[in-house]
Amino acid sequence: MKVLVTGGTGFIGSHTCVELINNGHDVIIVDNLSNSSREVLNRIAKITGSIPKFYKDDLLDNEALDSIFEENKIDSVIHFAGYKAVGESVEKPLMYYQNNVIATLNLLDKMVKYNVKRLVFSSSATVYGDPDMVPIVETSRLQPTNPYGNTKLVIEDILRDVAYADHQWQIALLRYFNPIGAHSSGLIGETPNGIPNNLLPYIAQVATGKREELRVWGNDYPTIDGTGVRDYIHVVDLAVGHLKALKYIDNHPGIEAFNLGRGVGYSVLQVVQAFEKATGQKIPYQIMDRRPGDIATCFADTKKAKDLLNFEAIYDIEQMCSDLWNFYKNNPEGIKE
Ligand code: WQD
């Protein structure tokens with residue numbers, strides 16, 4: 001199948017392209033490289049033996065998108081492209097709505113124009129906000145607490161309306177929990193810009209000596225040890241989940257949302273312990289005040305993805321940590337040009 005992957009040089013996008021190519025799909029990547037580098041294409045080629053067709057373009061560029069659809073007979077789209085930093089979205093909401101929502105509307109217009117109606121959309125567990133109960137099921141209330149989460153929910157609502165209006169659409173909404181880790185080759189992984197917001201890239205930078213110590217944002221939550229509990233899923237498991245979703249929508253018109261997580265919650269201190277055990281690296285830390293906007297506990301009910309997609313995450317927290325460390329040891333600054 002010929003699959004257009006938007007944001008395909010990003011963290012989850014690049015891992016998904018590797019799985020797509022290794023499973024015989026023909027991959028075309030469009031990415032504006034605002035949060036990734038062209039070097040990722042060479043890394044994908046090193047892993048898979050083939051370099052995907054690449055367009056350095058922005059989804060807001062109408063002419064560029066027309067060319068992509070005119071030059072390629074696209075069967076399906078996996079849409080990753082978008083900004084994803086919660087804190088930044090609070091400071092710059094319009095930039096997030098412009099880049100995430102307007103760009104998606106642009107993409108959907110082209111998909112209609114060229115009659116491409118199979119879509120896997122990169123949503124997020126942030127659409128659940130502070131969950132009423134855990135584990136979180138797909139029918140839980142959708143109540144994001146930040147502009148980034150709002151953009152994901154707005155796009156989900158747009159896609160639900162589109163699927164309702166035109167039954168030819170075949171759409172999967174994938175709500176990621178906390179993707180971490182890296183491909184076992186150590187060639188691709190997450191390249192955070194500036195000071196990492198997320199826990200694992202920050203821990204990795206403490207391990208490489210780039211950061212002094214980990215700041216643990218609060219230890220007074222109602223959790224096993226007072227620190228925040230999240231559902232960490234290996235990025236390669238997540239990538240495989242996209243292929244399962246692609247297969248599912250192939251003979252399921254309409255729209256379905258799926259949680260992609262492991263269904264297991266780990267606290268910050270449990271993750272630190274797992275990282276130290278998996279890598280032999282000591283991670284000094286200091287307990288700080290809570291981070292505004294953080295919630296205590298968040299982890300997935302994974303039954304729907306298992307039943308309908310036949311998807312189950314297989315890598316455990318130690319494997320996620322050792323694969324992450326293997327990448328950062330070889331790429332302490334991430335993947336740059
Ligand atoms: C995890 C835990 C922090 C950093 C974010 C996005 C979400 C999704 C996944 C895209 C929390 C604690 C963190 C640090 C810490 N991304 N922490 N010190 O906030 O669950 O979700 O990533 O879809 O949109 O919001 O992930 O990694 O930032 O935090 O103590 O330096 O680690 O308080 O408990 P989060 P995170």
# chains A, B, ... in the order shown; residues from 1 in each chain; ligands from 1
$ residues_around --residues "Glu213 in chain A" --least-positions-apart "2" --cutoff "12 Å" --atoms "only C-alpha atoms" --output "number ranges by chain"
A: 199, 202-211, 215-216, 272, 282-288
$ write_last_selection --atoms "C-alpha atoms" --output "PDB file, in the first residue's frame"
ATOM      1  CA  LEU A 199      10.584  12.649  31.743  1.00  0.00           C
ATOM      2  CA  TYR A 202      15.450  14.437  30.617  1.00  0.00           C
ATOM      3  CA  ILE A 203      16.593  11.315  32.492  1.00  0.00           C
ATOM      4  CA  ALA A 204      18.691  10.350  29.437  1.00  0.00           C
ATOM      5  CA  GLN A 205      20.364  13.776  29.495  1.00  0.00           C
ATOM      6  CA  VAL A 206      21.143  13.349  33.205  1.00  0.00           C
ATOM      7  CA  ALA A 207      22.680   9.973  32.302  1.00  0.00           C
ATOM      8  CA  THR A 208      24.845  11.544  29.563  1.00  0.00           C
ATOM      9  CA  GLY A 209      25.939  14.279  31.996  1.00  0.00           C
ATOM     10  CA  LYS A 210      24.229  17.054  30.018  1.00  0.00           C
ATOM     11  CA  ARG A 211      21.946  17.756  33.021  1.00  0.00           C
ATOM     12  CA  ARG A 215      13.795  17.490  39.031  1.00  0.00           C
ATOM     13  CA  VAL A 216      10.893  15.365  40.212  1.00  0.00           C
ATOM     14  CA  VAL A 272      14.129   6.170  37.672  1.00  0.00           C
ATOM     15  CA  LYS A 282      22.830   6.552  38.463  1.00  0.00           C
ATOM     16  CA  ILE A 283      20.152   9.247  38.189  1.00  0.00           C
ATOM     17  CA  PRO A 284      20.437  11.831  40.985  1.00  0.00           C
ATOM     18  CA  TYR A 285      17.170  13.683  41.597  1.00  0.00           C
ATOM     19  CA  GLN A 286      15.591  16.372  43.698  1.00  0.00           C
ATOM     20  CA  ILE A 287      11.947  16.575  44.726  1.00  0.00           C
ATOM     21  CA  MET A 288      10.438  19.889  43.570  1.00  0.00           C
TER      22      MET A 288
END
$ select_by_dssp --residues "range 81-283 of chain A" --states "strand (DSSP E)" --output "JSON, numbers by chain"
{"A": [118, 119, 120, 121, 122, 123, 124, 170, 171, 172, 173, 174, 175, 176, 178, 179, 180, 214, 215, 216, 217, 229, 230, 232, 233, 234, 254, 255, 256, 257, 258, 259, 260, 266, 267]}
$ residues_near_ligand --ligand "ligand 1" --cutoff "7 Å" --atoms "only C-alpha atoms and all ligand atoms" --output "PyMOL selection string"
chain A and resi 84-86+124-126+149+176-179+197-200+202+214-218+227-230+268+290-291+294+296
$ write_last_selection --atoms "N, CA, C and O atoms" --output "tab-separated table (two decimals), in the first residue's frame"
chain	number	residue	atom	x	y	z
A	84	LYS	N	3.58	19.51	19.73
A	84	LYS	CA	3.09	18.60	20.79
A	84	LYS	C	3.58	18.96	22.20
A	84	LYS	O	3.51	18.14	23.12
A	85	ALA	N	4.07	20.19	22.38
A	85	ALA	CA	4.56	20.55	23.72
A	85	ALA	C	3.46	21.26	24.50
A	85	ALA	O	3.01	22.36	24.13
A	86	VAL	N	3.03	20.63	25.59
A	86	VAL	CA	1.89	21.16	26.35
A	86	VAL	C	2.18	22.57	26.85
A	86	VAL	O	1.41	23.50	26.64
A	124	SER	N	-4.08	11.76	21.15
A	124	SER	CA	-3.29	11.70	22.39
A	124	SER	C	-4.18	11.47	23.59
A	124	SER	O	-5.34	11.91	23.60
A	125	ALA	N	-3.63	10.86	24.60
A	125	ALA	CA	-4.38	10.65	25.85
A	125	ALA	C	-4.66	11.98	26.54
A	125	ALA	O	-5.49	12.05	27.46
A	126	THR	N	-4.04	13.04	26.07
A	126	THR	CA	-4.33	14.34	26.69
A	126	THR	C	-5.76	14.78	26.42
A	126	THR	O	-6.27	15.69	27.06
A	149	GLY	N	-3.95	19.69	23.96
A	149	GLY	CA	-5.00	18.65	24.04
A	149	GLY	C	-6.27	19.10	23.34
A	149	GLY	O	-6.95	18.31	22.69
A	176	TYR	N	-2.37	8.13	22.06
A	176	TYR	CA	-1.13	7.63	22.65
A	176	TYR	C	-1.08	7.98	24.12
A	176	TYR	O	-1.45	9.10	24.50
A	177	PHE	N	-0.51	7.11	24.92
A	177	PHE	CA	-0.21	7.45	26.30
A	177	PHE	C	1.21	8.02	26.31
A	177	PHE	O	1.43	9.04	25.61
A	178	ASN	N	2.17	7.44	26.98
A	178	ASN	CA	3.49	8.10	27.01
A	178	ASN	C	4.52	7.31	26.21
A	178	ASN	O	5.12	6.37	26.75
A	179	PRO	N	4.75	7.69	24.95
A	179	PRO	CA	5.69	6.95	24.11
A	179	PRO	C	7.12	7.23	24.53
A	179	PRO	O	7.51	8.41	24.65
A	197	ASN	N	10.88	18.64	28.11
A	197	ASN	CA	9.75	18.70	29.05
A	197	ASN	C	9.46	17.31	29.61
A	197	ASN	O	9.08	17.15	30.75
A	198	ASN	N	9.63	16.32	28.71
A	198	ASN	CA	9.20	14.97	29.08
A	198	ASN	C	10.24	14.25	29.95
A	198	ASN	O	11.45	14.52	29.87
A	199	LEU	N	9.76	13.32	30.72
A	199	LEU	CA	10.58	12.65	31.74
A	199	LEU	C	11.76	11.88	31.17
A	199	LEU	O	12.92	12.09	31.59
A	200	LEU	N	11.53	10.99	30.19
A	200	LEU	CA	12.62	10.10	29.78
A	200	LEU	C	13.74	10.81	29.04
A	200	LEU	O	14.92	10.56	29.33
A	202	TYR	N	14.71	13.70	29.58
A	202	TYR	CA	15.45	14.44	30.62
A	202	TYR	C	16.34	13.47	31.41
A	202	TYR	O	17.54	13.73	31.63
A	214	LEU	N	17.80	15.10	37.96
A	214	LEU	CA	16.39	15.13	37.56
A	214	LEU	C	15.59	15.92	38.59
A	214	LEU	O	15.76	15.74	39.80
A	215	ARG	N	14.74	16.82	38.13
A	215	ARG	CA	13.80	17.49	39.03
A	215	ARG	C	12.50	16.68	38.99
A	215	ARG	O	11.90	16.54	37.91
A	216	VAL	N	12.14	16.15	40.14
A	216	VAL	CA	10.89	15.37	40.21
A	216	VAL	C	9.77	16.32	40.59
A	216	VAL	O	9.78	16.91	41.68
A	217	TRP	N	8.82	16.50	39.68
A	217	TRP	CA	7.76	17.50	39.89
A	217	TRP	C	6.69	16.99	40.86
A	217	TRP	O	5.63	16.52	40.46
A	218	GLY	N	7.00	17.04	42.13
A	218	GLY	CA	6.00	16.75	43.16
A	218	GLY	C	6.04	15.31	43.63
A	218	GLY	O	6.19	14.38	42.84
A	227	THR	N	4.71	10.29	43.61
A	227	THR	CA	5.09	10.93	42.32
A	227	THR	C	4.12	10.49	41.22
A	227	THR	O	3.42	9.48	41.37
A	228	GLY	N	4.10	11.24	40.14
A	228	GLY	CA	3.11	11.04	39.07
A	228	GLY	C	3.22	9.66	38.43
A	228	GLY	O	4.33	9.17	38.19
A	229	VAL	N	2.06	9.07	38.15
A	229	VAL	CA	2.00	7.74	37.53
A	229	VAL	C	1.50	7.88	36.09
A	229	VAL	O	0.48	8.55	35.82
A	230	ARG	N	2.26	7.27	35.14
A	230	ARG	CA	1.90	7.33	33.73
A	230	ARG	C	2.01	5.95	33.08
A	230	ARG	O	2.67	5.06	33.63
A	268	VAL	N	7.14	8.15	38.73
A	268	VAL	CA	8.41	8.75	38.31
A	268	VAL	C	9.57	8.00	38.97
A	268	VAL	O	10.54	7.62	38.30
A	290	ARG	N	5.00	20.57	42.52
A	290	ARG	CA	4.26	20.03	41.39
A	290	ARG	C	4.41	20.94	40.16
A	290	ARG	O	4.55	22.14	40.30
A	291	ARG	N	4.32	20.34	38.96
A	291	ARG	CA	4.32	21.12	37.71
A	291	ARG	C	2.87	21.52	37.43
A	291	ARG	O	2.00	20.64	37.40
A	294	ASP	N	-0.15	19.26	35.73
A	294	ASP	CA	0.07	17.81	35.82
A	294	ASP	C	-1.08	17.13	36.54
A	294	ASP	O	-1.70	17.73	37.42
A	296	ALA	N	-2.34	13.35	38.61
A	296	ALA	CA	-1.68	12.34	39.47
A	296	ALA	C	-1.42	11.05	38.68
A	296	ALA	O	-0.29	10.61	38.56
$ atom_distance --atom1 "CA of Asn23 in chain A" --atom2 "CA of Lys247 in chain A"
11.6 Å
$ residues_around --residues "Asp66 in chain A" --least-positions-apart "3" --cutoff "10 Å" --atoms "only C-alpha atoms" --output "PyMOL selection string"
chain A and resi 61-63+69-71+107+110-111+113-114
$ closest_residue --among "A:Val77, A:Cys298, A:Ala305, A:Ala182" --to "Ser322 in chain A" --atoms "only C-alpha atoms"
A:Ala182
$ closest_residue --among "A:Ile12, A:Leu153, A:Val137, A:Ala64" --to "Val40 in chain A" --atoms "only C-alpha atoms"
A:Ile12
$ closest_residue --among "A:Ile78, A:Leu187, A:Ser89, A:Tyr148" --to "Gln170 in chain A" --atoms "only C-alpha atoms"
A:Ile78
$ residues_around --residues "Asp250 in chain A" --least-positions-apart "2" --cutoff "12 Å" --atoms "only C-alpha atoms" --output "PyMOL selection string"
chain A and resi 1+75-77+117-120+168-172+243-248+252-255+309
$ write_last_selection --atoms "C-alpha atoms" --output "CSV table (one decimal), in the first residue's frame"
chain,number,residue,atom,x,y,z
A,1,MET,CA,0.0,0.0,0.0
A,75,ASP,CA,-3.9,4.8,-0.7
A,76,SER,CA,-3.8,5.9,2.9
A,77,VAL,CA,-2.5,8.7,5.1
A,117,LYS,CA,-10.4,8.5,2.5
A,118,ARG,CA,-8.3,6.2,4.6
A,119,LEU,CA,-6.7,8.0,7.6
A,120,VAL,CA,-4.9,7.0,10.8
A,168,GLN,CA,-16.7,6.2,2.6
A,169,TRP,CA,-14.2,7.5,5.1
A,170,GLN,CA,-12.2,4.9,7.1
A,171,ILE,CA,-10.6,6.5,10.1
A,172,ALA,CA,-8.7,5.4,13.2
A,243,LEU,CA,0.2,-0.8,11.1
A,244,LYS,CA,-2.6,-2.7,13.0
A,245,ALA,CA,-4.8,0.3,12.7
A,246,LEU,CA,-4.1,0.7,9.0
A,247,LYS,CA,-5.1,-2.9,8.5
A,248,TYR,CA,-8.2,-2.5,10.6
A,252,HIS,CA,-14.0,-1.0,8.5
A,253,PRO,CA,-15.6,2.2,7.1
A,254,GLY,CA,-16.5,4.8,9.7
A,255,ILE,CA,-14.3,6.0,12.6
A,309,LEU,CA,-6.8,-4.4,16.4
$ closest_residue --among "A:Ser37, A:Asn72, A:Thr145, A:Ser67" --to "Pro292 in chain A" --atoms "only C-alpha atoms"
A:Thr145
$ closest_residue --among "A:Ile335, A:Leu260, A:Ile180, A:Ala81" --to "Asp323 in chain A" --atoms "only C-alpha atoms"
A:Ile180
$ closest_residue --among "A:Val30, A:Leu4, A:Ala239, A:Cys17" --to "Ile74 in chain A" --atoms "only C-alpha atoms"
A:Leu4
$ residues_around --residues "Phe54 in chain A" --least-positions-apart "2" --cutoff "10 Å" --atoms "only C-alpha atoms" --output "number ranges by chain"
A: 4-5, 8-9, 27-31, 38, 41, 51-52, 56-57, 68
$ write_last_selection --atoms "N, CA and C atoms" --output "PDB file, in the first residue's frame"
ATOM      1  N   LEU A   4       1.053   7.884   2.684  1.00  0.00           N
ATOM      2  CA  LEU A   4       1.642   9.206   2.930  1.00  0.00           C
ATOM      3  C   LEU A   4       1.726   9.391   4.434  1.00  0.00           C
ATOM      4  N   VAL A   5       2.950   9.651   4.937  1.00  0.00           N
ATOM      5  CA  VAL A   5       3.162   9.833   6.374  1.00  0.00           C
ATOM      6  C   VAL A   5       3.534  11.293   6.620  1.00  0.00           C
ATOM      7  N   GLY A   8       6.739  12.408   9.168  1.00  0.00           N
ATOM      8  CA  GLY A   8       7.407  11.102   9.153  1.00  0.00           C
ATOM      9  C   GLY A   8       8.863  11.096   9.564  1.00  0.00           C
ATOM     10  N   THR A   9       9.479  12.277   9.755  1.00  0.00           N
ATOM     11  CA  THR A   9      10.865  12.293  10.257  1.00  0.00           C
ATOM     12  C   THR A   9      10.877  12.578  11.761  1.00  0.00           C
ATOM     13  N   VAL A  27       6.365   4.012   1.269  1.00  0.00           N
ATOM     14  CA  VAL A  27       6.188   5.170   2.165  1.00  0.00           C
ATOM     15  C   VAL A  27       6.621   6.469   1.495  1.00  0.00           C
ATOM     16  N   ILE A  28       5.755   7.491   1.623  1.00  0.00           N
ATOM     17  CA  ILE A  28       6.105   8.851   1.195  1.00  0.00           C
ATOM     18  C   ILE A  28       6.014   9.732   2.429  1.00  0.00           C
ATOM     19  N   ILE A  29       7.053  10.487   2.711  1.00  0.00           N
ATOM     20  CA  ILE A  29       7.060  11.357   3.901  1.00  0.00           C
ATOM     21  C   ILE A  29       6.934  12.808   3.473  1.00  0.00           C
ATOM     22  N   VAL A  30       6.044  13.546   4.168  1.00  0.00           N
ATOM     23  CA  VAL A  30       6.044  15.007   4.047  1.00  0.00           C
ATOM     24  C   VAL A  30       6.297  15.549   5.449  1.00  0.00           C
ATOM     25  N   ASP A  31       7.298  16.421   5.532  1.00  0.00           N
ATOM     26  CA  ASP A  31       7.658  16.972   6.845  1.00  0.00           C
ATOM     27  C   ASP A  31       8.319  18.328   6.612  1.00  0.00           C
ATOM     28  N   ARG A  38      16.678  16.082   8.331  1.00  0.00           N
ATOM     29  CA  ARG A  38      16.726  15.252   7.124  1.00  0.00           C
ATOM     30  C   ARG A  38      17.571  13.994   7.355  1.00  0.00           C
ATOM     31  N   LEU A  41      16.136  10.466   7.521  1.00  0.00           N
ATOM     32  CA  LEU A  41      15.882   9.668   6.302  1.00  0.00           C
ATOM     33  C   LEU A  41      17.024   8.673   6.075  1.00  0.00           C
ATOM     34  N   ILE A  51      15.336   4.193   1.156  1.00  0.00           N
ATOM     35  CA  ILE A  51      15.090   5.568   1.625  1.00  0.00           C
ATOM     36  C   ILE A  51      13.711   6.004   1.123  1.00  0.00           C
ATOM     37  N   PRO A  52      12.819   6.438   2.026  1.00  0.00           N
ATOM     38  CA  PRO A  52      11.469   6.807   1.596  1.00  0.00           C
ATOM     39  C   PRO A  52      11.485   8.084   0.745  1.00  0.00           C
ATOM     40  N   LYS A  56      10.026  18.027   1.577  1.00  0.00           N
ATOM     41  CA  LYS A  56      10.194  18.984   2.677  1.00  0.00           C
ATOM     42  C   LYS A  56       9.165  20.080   2.471  1.00  0.00           C
ATOM     43  N   ASP A  57       7.972  19.876   2.997  1.00  0.00           N
ATOM     44  CA  ASP A  57       6.891  20.841   2.790  1.00  0.00           C
ATOM     45  C   ASP A  57       6.046  20.975   4.036  1.00  0.00           C
ATOM     46  N   ILE A  68       2.099  16.720  -4.221  1.00  0.00           N
ATOM     47  CA  ILE A  68       2.312  15.396  -3.588  1.00  0.00           C
ATOM     48  C   ILE A  68       1.215  14.421  -4.015  1.00  0.00           C
TER      49      ILE A  68
END
$ atom_distance --atom1 "CA of Val162 in chain A" --atom2 "CA of Lys73 in chain A"
22.0 Å
$ atom_distance --atom1 "CA of Ile21 in chain A" --atom2 "CA of Val236 in chain A"
13.5 Å
$ residues_around --residues "His25 in chain A" --least-positions-apart "5" --cutoff "8 Å" --atoms "only C-alpha atoms" --output "ChimeraX atom specification"
/A:1-3,20
$ write_last_selection --atoms "C-alpha atoms" --output "PDB file, in the first residue's frame"
ATOM      1  CA  MET A   1       0.000   0.000   0.000  1.00  0.00           C
ATOM      2  CA  LYS A   2       1.244   3.561  -0.767  1.00  0.00           C
ATOM      3  CA  VAL A   3       1.116   5.453   2.507  1.00  0.00           C
ATOM      4  CA  LEU A  20       5.752   0.268   7.286  1.00  0.00           C
TER       5      LEU A  20
END
$ select_by_dssp --residues "range 82-161 of chain A" --states "helix (DSSP H, G or I)" --output "ChimeraX atom specification"
/A:86-91,93-113,125-128,147-161
